[in-house]
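*Asks:* Here it is, the structure in full.
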Amino acid sequence: MSHTEKKIANADQIRSLEEMFDAKIARDGKIEPKDWMPEKYRKTHIRQISQHAHSEIVGMLPEANWISRAPSLRRKVALLAKVQDEAGHGLYLYSACETLGISREELYEQLHSGKAKYSSIFNYPTLTWADMGAIGWLVDGAAIINQVPLCSTSFGPYARAMVRVCKEESFHQRQGYEIMMTLCNGTQEQKDMAQDALNRWWWPALMMLGPTDEQSTHTEQSMIWKLKRKSNDELRQQFIDQTVPQADIIGLNIPDSELKYNNETGHYDFGEIDWEEFWQVVKGHGMCNKERISARKNAWDNGEWVRDAAVAYAEKQAESQEAKQAV
C-alpha cells in the first residue's frame, strides 16, 4: 500500500470513528476514558474539569479564613465540614481529569503558573461572618445551577463525580441561606451585615456563571458535545429568578435598581453587569488573585515532605509484599 493509500485509509478510519462518536453523543451515551474521542474533545474536558477542580481547592481559602473566627462551636464545626467537602470535590474532579491522560502534577503546575484558570468568584475577600452566608447562598447556589446539568454530561467520569458533588453543594447552599436568615432575624447591626454581604457578592455571583453567550468562546461546541446543557445566559437568568424571591423572604434587597419582574417573559429583567471587572479578575488583577495563588504554591511546597513520605511508604510496602511472595 502506497503512502497516499495509507493516508486515505487512515482518514476513512478517523471519519468512521468520528461518526460513531457523534452517534453516541446524540443518543446521550457516555464517553468513557478508553473510548476513542476527538483530541479537541479531550482537551476541552481537561480544561473544564481541571478548572472546576482548581475552583474547589482555591474556594477553600476564603472560607477557611473564618473557621477560627466562627461565632459558635456549631458554626465552626459546620464550616470546617464544608471546607472538607470542597477538598473532596477537588479530589474527585482531579481523578476524573487524570483519566484523560494528564497527571496530577501537571494539573497543579498549570494552576500555579497561571496557565489554568479557576472561578473568578474566589478572588474576592471575605470581610465579615455574613460573607460565609453569602458564599453558601449565592456562590454555591450559582454553582448548583451550573453543575446539576453536568450530572448528565457526556463524559462518564465527570458525570458520575458530579452526582455526589451536587448533593453536597445543595446542602452548602441551604447552610448559607440559614446563616443569612439568622442574621436577618437578629439585631439591626446583624441584618445590615447580611445586606452588606449581599451587596458585595451579588454581582460577582452573576459573573461567576461565565461571560455572555456572545462573548463565550466555548459554549457552542460544549453544547454540541453535551458537555453543557444550558448556555451561560440561560443559567444566569435561572439563578436570578430563583434567588430574588429568596431574598424577599428574609427581607434583603438585591443591589440592582433595574431589577424588575417581567410579566411577559416570566423572568426578572436585571441591570448591566460590569464585564470589565470580570475580565480584569480573570486576567489576574482581582483583589485576591495573587494571595490565592501564593497560598496554593506555599501549600504545595510545604507539603513536599508528605508526598515524599507517602511514596517511600508505598515503595516499602511493595518491597515487603514482593519479599513475602518470594518466600
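Starting from 1 in every chain, residues are counted up; chains themselves are A, B, ... following the order of the C-alpha cells, and ligands are numbered from 1 as listed.
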How close does stretch 54-127 of chain A get to stretch 140-144 of chain A? List, as a Markdown table, each residue of stretch 54-127 of chain A within 12 Å, its nearest atom pair and the distance in Å to one decimal, counting only C-alpha atoms.
*Replies:*
| residue | atom | partner | partner_atom | distance |
| --- | --- | --- | --- | --- |
| A:Ser55 | CA | A:Ala143 | CA | 10.6 |
| A:Glu56 | CA | A:Ala143 | CA | 10.6 |
| A:Gly59 | CA | A:Asp140 | CA | 10.5 |
| A:Lys82 | CA | A:Asp140 | CA | 11.1 |
| A:Glu86 | CA | A:Asp140 | CA | 10.8 |
| A:Ser119 | CA | A:Ala143 | CA | 10.1 |
| A:Ile121 | CA | A:Ala142 | CA | 10.7 |
| A:Phe122 | CA | A:Asp140 | CA | 11.6 |
*Asks:* Suppose we keep N, CA and C atoms; can you now write the selection as a tab-separated table (two decimals), in the first residue's frame?
*Replies:*
chain	number	residue	atom	x	y	z
A	55	SER	N	-11.13	25.30	41.14
A	55	SER	CA	-12.08	26.19	41.82
A	55	SER	C	-12.48	25.63	43.17
A	56	GLU	N	-12.64	24.31	43.25
A	56	GLU	CA	-13.00	23.69	44.52
A	56	GLU	C	-11.87	23.87	45.54
A	59	GLY	N	-11.33	27.55	46.30
A	59	GLY	CA	-12.52	28.01	47.01
A	59	GLY	C	-12.51	27.69	48.50
A	82	LYS	N	-17.76	21.83	55.74
A	82	LYS	CA	-17.97	22.31	54.37
A	82	LYS	C	-16.65	22.43	53.62
A	86	GLU	N	-15.32	20.54	50.14
A	86	GLU	CA	-14.75	21.17	48.95
A	86	GLU	C	-13.44	20.49	48.55
A	119	SER	N	-12.53	29.66	39.15
A	119	SER	CA	-13.67	30.57	39.16
A	119	SER	C	-13.28	31.95	39.70
A	121	ILE	N	-14.95	34.10	41.19
A	121	ILE	CA	-15.61	34.48	42.44
A	121	ILE	C	-14.69	34.38	43.65
A	122	PHE	N	-13.69	33.51	43.58
A	122	PHE	CA	-12.85	33.27	44.74
A	122	PHE	C	-11.71	34.27	44.88
*Asks:* Taking into account only C-alpha atoms, which residue in the set A:Ile250, A:Val163, A:Leu227, A:Val83 is nearest to A:Leu183?
*Replies:*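 Of A:Ile250, A:Val163, A:Leu227, A:Val83, the one nearest A:Leu183 is A:Ile250, counting only C-alpha atoms.
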*Asks:* Compare A:Asp301, A:Asp308, A:Glu315, A:Glu234 by their minimum atom-to-atom distance to A:His112, counting only C-alpha atoms, and give me the closest one.
*Replies:*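 Answer, going by the shortest atom-to-atom distance: A:Asp301.
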*Asks:* Skip A:Trp202 itself and residues of its chain fewer than 3 positions away, then list as an MDAnalysis selection string all residues within 12 Å of it, counting only C-alpha atoms.
*Replies:* chainID A and resid 121 124 131 134:135 137:139 141:142 194:199 205:209 236 239:240 243:244 247 252:256 270:271 273:274
*Asks:* Could the residues in this selection be written to a file with C-alpha atoms, as a compact mmCIF listing (two decimals), in the first residue's frame?
*Replies:*
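Writing done, so here's again16.txt:
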# COMPACT_ATOMS: atom_id res chain seq x y z
CA ILE A 121 -15.61 34.48 42.44
CA TYR A 124 -12.88 38.49 46.37
CA ASP A 131 -19.80 36.52 53.84
CA ALA A 134 -23.48 34.91 51.17
CA ILE A 135 -20.98 32.44 49.72
CA TRP A 137 -26.34 31.03 49.48
CA LEU A 138 -25.15 32.81 46.32
CA VAL A 139 -21.90 31.16 45.22
CA GLY A 141 -26.42 28.41 44.69
CA ALA A 142 -24.99 29.53 41.35
CA ALA A 194 -26.11 40.45 55.84
CA GLN A 195 -27.23 43.19 53.45
CA ASP A 196 -23.66 44.42 53.04
CA ALA A 197 -22.51 40.88 52.18
CA LEU A 198 -25.29 40.55 49.60
CA ASN A 199 -24.32 43.92 48.10
CA ALA A 205 -22.07 35.69 41.66
CA LEU A 206 -23.71 36.67 38.36
CA MET A 207 -20.29 36.97 36.70
CA MET A 208 -19.36 33.54 38.06
CA LEU A 209 -21.73 31.92 35.57
CA ARG A 236 -27.70 33.30 34.87
CA PHE A 239 -30.17 31.87 39.10
CA ILE A 240 -31.72 35.34 39.28
CA THR A 243 -32.66 33.85 44.16
CA VAL A 244 -34.67 37.08 44.13
CA ALA A 247 -34.00 37.48 49.25
CA LEU A 252 -32.92 41.65 51.93
CA ASN A 253 -32.73 43.91 48.90
CA ILE A 254 -30.99 42.85 45.69
CA PRO A 255 -28.48 45.63 44.85
CA ASP A 256 -29.85 46.27 41.36
CA PHE A 270 -31.80 42.99 35.51
CA GLY A 271 -29.15 45.66 35.17
CA ILE A 273 -23.09 43.54 34.55
CA ASP A 274 -19.66 45.17 34.79
*Asks:* Just list as a list of chain:residue names whatever in stretch 97-138 of chain A DSSP marks as helix (DSSP H, G or I).
*Replies:*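 Filtering stretch 97-138 of chain A to helix (DSSP H, G or I) leaves A:Cys97, A:Glu98, A:Arg104, A:Glu105, A:Glu106, A:Leu107, A:Tyr108, A:Glu109, A:Gln110, A:Leu111, A:His112, A:Ser113, A:Ser120, A:Ile121, A:Phe122, A:Asn123, A:Ala130, A:Asp131, A:Met132, A:Gly133, A:Ala134, A:Ile135, A:Gly136, A:Trp137, A:Leu138.
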*Asks:* For A:Gly133, which of A:Trp201, A:Trp36, A:Trp275, A:Tyr118 is the closest residue, counting only C-alpha atoms?
*Replies:*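 Using only C-alpha atoms, A:Gly133 sits closest to A:Trp201.
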*Asks:* Give me the residues within 10 Å of A:His267 as a list of chain:residue names, counting only C-alpha atoms and dropping any in the same chain fewer than 4 places off.
*Replies:*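 Non-adjacent residues within range: A:Gln237, A:Gln238, A:Ile240, A:Asp241, A:Gln242, A:Lys260, A:Tyr261, A:Asn262, A:Asn263.
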*Asks:* Save the residues we just selected, N, CA, C and O atoms, as an mmCIF file, in the first residue's frame?
*Replies:*
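Result went into result_11.cif, see below:
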data_model
loop_
_atom_site.group_PDB
_atom_site.id
_atom_site.type_symbol
_atom_site.label_atom_id
_atom_site.label_comp_id
_atom_site.auth_asym_id
_atom_site.auth_seq_id
_atom_site.Cartn_x
_atom_site.Cartn_y
_atom_site.Cartn_z
ATOM 1 N N GLN A 237 -29.987 33.636 34.108
ATOM 2 C CA GLN A 237 -31.380 34.004 34.281
ATOM 3 C C GLN A 237 -32.073 33.086 35.289
ATOM 4 O O GLN A 237 -32.855 33.536 36.135
ATOM 5 N N GLN A 238 -31.773 31.804 35.214
ATOM 6 C CA GLN A 238 -32.348 30.837 36.154
ATOM 7 C C GLN A 238 -31.926 31.166 37.586
ATOM 8 O O GLN A 238 -32.748 31.090 38.516
ATOM 9 N N ILE A 240 -31.046 34.120 38.828
ATOM 10 C CA ILE A 240 -31.723 35.342 39.279
ATOM 11 C C ILE A 240 -33.177 35.053 39.632
ATOM 12 O O ILE A 240 -33.669 35.469 40.696
ATOM 13 N N ASP A 241 -33.866 34.332 38.764
ATOM 14 C CA ASP A 241 -35.276 34.009 39.013
ATOM 15 C C ASP A 241 -35.457 33.216 40.301
ATOM 16 O O ASP A 241 -36.465 33.359 41.005
ATOM 17 N N GLN A 242 -34.497 32.384 40.622
ATOM 18 C CA GLN A 242 -34.574 31.539 41.813
ATOM 19 C C GLN A 242 -34.205 32.305 43.075
ATOM 20 O O GLN A 242 -34.795 32.083 44.146
ATOM 21 N N LYS A 260 -36.469 44.024 37.879
ATOM 22 C CA LYS A 260 -37.929 44.117 37.809
ATOM 23 C C LYS A 260 -38.488 42.862 37.159
ATOM 24 O O LYS A 260 -37.944 42.376 36.166
ATOM 25 N N TYR A 261 -39.578 42.350 37.735
ATOM 26 C CA TYR A 261 -40.204 41.157 37.166
ATOM 27 C C TYR A 261 -40.937 41.529 35.882
ATOM 28 O O TYR A 261 -41.687 42.506 35.822
ATOM 29 N N ASN A 262 -40.708 40.742 34.836
ATOM 30 C CA ASN A 262 -41.316 40.983 33.532
ATOM 31 C C ASN A 262 -42.460 39.988 33.334
ATOM 32 O O ASN A 262 -42.223 38.793 33.162
ATOM 33 N N ASN A 263 -43.692 40.494 33.380
ATOM 34 C CA ASN A 263 -44.862 39.613 33.258
ATOM 35 C C ASN A 263 -44.939 38.926 31.897
ATOM 36 O O ASN A 263 -45.483 37.828 31.779
#
*Asks:* Near A:Lys297, counting only C-alpha atoms, which residues have an atom at most 12 Å away, once you skip same-chain residues fewer than 6 positions from it, shown as an mmCIF file with all heavy atoms, in the first residue's frame?
*Replies:*
data_model
loop_
_atom_site.group_PDB
_atom_site.id
_atom_site.type_symbol
_atom_site.label_atom_id
_atom_site.label_comp_id
_atom_site.auth_asym_id
_atom_site.auth_seq_id
_atom_site.Cartn_x
_atom_site.Cartn_y
_atom_site.Cartn_z
ATOM 1 N N VAL A 58 -9.182 26.104 45.445
ATOM 2 C CA VAL A 58 -8.946 27.515 45.768
ATOM 3 C C VAL A 58 -10.121 28.067 46.578
ATOM 4 O O VAL A 58 -9.948 28.910 47.465
ATOM 5 C CB VAL A 58 -8.738 28.348 44.485
ATOM 6 C CG1 VAL A 58 -8.620 29.837 44.812
ATOM 7 C CG2 VAL A 58 -7.485 27.881 43.749
ATOM 8 N N TYR A 108 -1.528 20.628 38.728
ATOM 9 C CA TYR A 108 -1.116 21.586 39.753
ATOM 10 C C TYR A 108 -0.181 22.640 39.170
ATOM 11 O O TYR A 108 -0.276 23.830 39.503
ATOM 12 C CB TYR A 108 -0.417 20.866 40.909
ATOM 13 C CG TYR A 108 -1.327 20.042 41.784
ATOM 14 C CD1 TYR A 108 -0.852 18.884 42.404
ATOM 15 C CD2 TYR A 108 -2.653 20.404 42.002
ATOM 16 C CE1 TYR A 108 -1.677 18.121 43.217
ATOM 17 C CE2 TYR A 108 -3.484 19.642 42.805
ATOM 18 C CZ TYR A 108 -2.996 18.503 43.402
ATOM 19 O OH TYR A 108 -3.808 17.752 44.201
ATOM 20 N N GLU A 109 0.736 22.201 38.317
ATOM 21 C CA GLU A 109 1.687 23.141 37.714
ATOM 22 C C GLU A 109 0.953 24.191 36.888
ATOM 23 O O GLU A 109 1.313 25.376 36.899
ATOM 24 C CB GLU A 109 2.684 22.366 36.852
ATOM 25 C CG GLU A 109 3.892 23.177 36.401
ATOM 26 C CD GLU A 109 3.607 24.099 35.214
ATOM 27 O OE1 GLU A 109 2.780 23.722 34.360
ATOM 28 O OE2 GLU A 109 4.202 25.199 35.151
ATOM 29 N N GLN A 110 -0.080 23.762 36.157
ATOM 30 C CA GLN A 110 -0.857 24.698 35.352
ATOM 31 C C GLN A 110 -1.565 25.729 36.226
ATOM 32 O O GLN A 110 -1.661 26.905 35.865
ATOM 33 C CB GLN A 110 -1.877 23.931 34.495
ATOM 34 C CG GLN A 110 -1.244 23.120 33.375
ATOM 35 C CD GLN A 110 -2.272 22.316 32.599
ATOM 36 O OE1 GLN A 110 -3.455 22.261 32.950
ATOM 37 N NE2 GLN A 110 -1.825 21.662 31.534
ATOM 38 N N LEU A 111 -2.058 25.290 37.392
ATOM 39 C CA LEU A 111 -2.705 26.227 38.317
ATOM 40 C C LEU A 111 -1.689 27.214 38.874
ATOM 41 O O LEU A 111 -1.906 28.432 38.866
ATOM 42 C CB LEU A 111 -3.370 25.466 39.463
ATOM 43 C CG LEU A 111 -3.920 26.314 40.619
ATOM 44 C CD1 LEU A 111 -5.028 27.236 40.128
ATOM 45 C CD2 LEU A 111 -4.406 25.434 41.758
ATOM 46 N N HIS A 112 -0.562 26.703 39.346
ATOM 47 C CA HIS A 112 0.435 27.550 39.996
ATOM 48 C C HIS A 112 1.081 28.537 39.027
ATOM 49 O O HIS A 112 1.468 29.647 39.429
ATOM 50 C CB HIS A 112 1.519 26.679 40.639
ATOM 51 C CG HIS A 112 0.989 25.784 41.705
ATOM 52 N ND1 HIS A 112 1.660 24.654 42.143
ATOM 53 C CD2 HIS A 112 -0.165 25.811 42.421
ATOM 54 C CE1 HIS A 112 0.951 24.065 43.088
ATOM 55 N NE2 HIS A 112 -0.165 24.744 43.261
ATOM 56 N N SER A 113 1.193 28.149 37.763
ATOM 57 C CA SER A 113 1.824 29.022 36.768
ATOM 58 C C SER A 113 0.854 30.047 36.194
ATOM 59 O O SER A 113 1.272 30.989 35.514
ATOM 60 C CB SER A 113 2.393 28.178 35.626
ATOM 61 O OG SER A 113 1.342 27.570 34.883
ATOM 62 N N GLY A 114 -0.440 29.864 36.447
ATOM 63 C CA GLY A 114 -1.437 30.774 35.900
ATOM 64 C C GLY A 114 -1.977 30.348 34.549
ATOM 65 O O GLY A 114 -2.849 31.012 33.983
ATOM 66 N N LYS A 290 -3.417 37.218 43.572
ATOM 67 C CA LYS A 290 -2.043 36.894 43.957
ATOM 68 C C LYS A 290 -2.015 36.151 45.292
ATOM 69 O O LYS A 290 -1.236 35.208 45.470
ATOM 70 C CB LYS A 290 -1.203 38.174 44.036
ATOM 71 C CG LYS A 290 -0.972 38.832 42.680
ATOM 72 C CD LYS A 290 -0.116 40.083 42.814
ATOM 73 C CE LYS A 290 0.114 40.722 41.445
ATOM 74 N NZ LYS A 290 0.934 41.958 41.542
ATOM 75 N N GLU A 291 -2.870 36.563 46.213
ATOM 76 C CA GLU A 291 -2.931 35.915 47.524
ATOM 77 C C GLU A 291 -3.370 34.458 47.404
ATOM 78 O O GLU A 291 -2.804 33.579 48.062
ATOM 79 C CB GLU A 291 -3.911 36.684 48.414
ATOM 80 C CG GLU A 291 -4.109 36.090 49.796
ATOM 81 C CD GLU A 291 -5.170 36.838 50.587
ATOM 82 O OE1 GLU A 291 -5.449 38.017 50.265
ATOM 83 O OE2 GLU A 291 -5.724 36.243 51.538
ATOM 84 N N GLY A 303 4.101 20.902 51.515
ATOM 85 C CA GLY A 303 3.621 19.528 51.583
ATOM 86 C C GLY A 303 4.511 18.526 50.867
ATOM 87 O O GLY A 303 4.163 17.347 50.784
ATOM 88 N N GLU A 304 5.652 18.992 50.373
ATOM 89 C CA GLU A 304 6.531 18.104 49.615
ATOM 90 C C GLU A 304 6.994 16.915 50.455
ATOM 91 O O GLU A 304 7.043 15.779 49.983
ATOM 92 C CB GLU A 304 7.746 18.880 49.099
ATOM 93 C CG GLU A 304 8.676 18.034 48.241
ATOM 94 C CD GLU A 304 9.849 18.835 47.694
ATOM 95 O OE1 GLU A 304 10.004 20.006 48.089
ATOM 96 O OE2 GLU A 304 10.596 18.280 46.860
#
*Asks:* Might you pull out every residue within 12 Å of A:Glu39, with only C-alpha atoms counted and same-chain residues fewer than 5 positions away left off, and present them as an MDAnalysis selection string?
*Replies:* chainID A and resid 14 18 44:46 100:101
*Asks:* If you keep N, CA, C and O atoms, can you produce a file of those selected residues as a short mmCIF file (atom, residue, chain, number, x, y, z; two decimals), in the first residue's frame?
*Replies:*
data_model
loop_
_atom_site.label_atom_id
_atom_site.label_comp_id
_atom_site.auth_asym_id
_atom_site.auth_seq_id
_atom_site.Cartn_x
_atom_site.Cartn_y
_atom_site.Cartn_z
N ILE A 14 -10.62 7.43 10.69
CA ILE A 14 -10.92 8.54 11.59
C ILE A 14 -12.35 9.01 11.39
O ILE A 14 -13.08 9.27 12.34
N GLU A 18 -15.28 9.11 14.14
CA GLU A 18 -16.00 10.35 14.45
C GLU A 18 -17.51 10.16 14.33
O GLU A 18 -18.27 10.68 15.15
N THR A 44 -10.74 19.88 25.64
CA THR A 44 -11.80 20.72 26.19
C THR A 44 -12.22 20.23 27.57
O THR A 44 -12.43 21.03 28.49
N HIS A 45 -12.31 18.91 27.74
CA HIS A 45 -12.70 18.37 29.03
C HIS A 45 -11.59 18.54 30.07
O HIS A 45 -11.89 18.79 31.24
N ILE A 46 -10.34 18.42 29.65
CA ILE A 46 -9.24 18.68 30.58
C ILE A 46 -9.32 20.12 31.08
O ILE A 46 -9.18 20.39 32.27
N LEU A 100 -8.14 11.32 31.49
CA LEU A 100 -7.98 11.85 30.13
C LEU A 100 -6.51 11.91 29.72
O LEU A 100 -6.18 12.45 28.67
N GLY A 101 -5.63 11.37 30.58
CA GLY A 101 -4.22 11.26 30.20
C GLY A 101 -3.34 12.40 30.63
O GLY A 101 -2.30 12.66 30.03
#
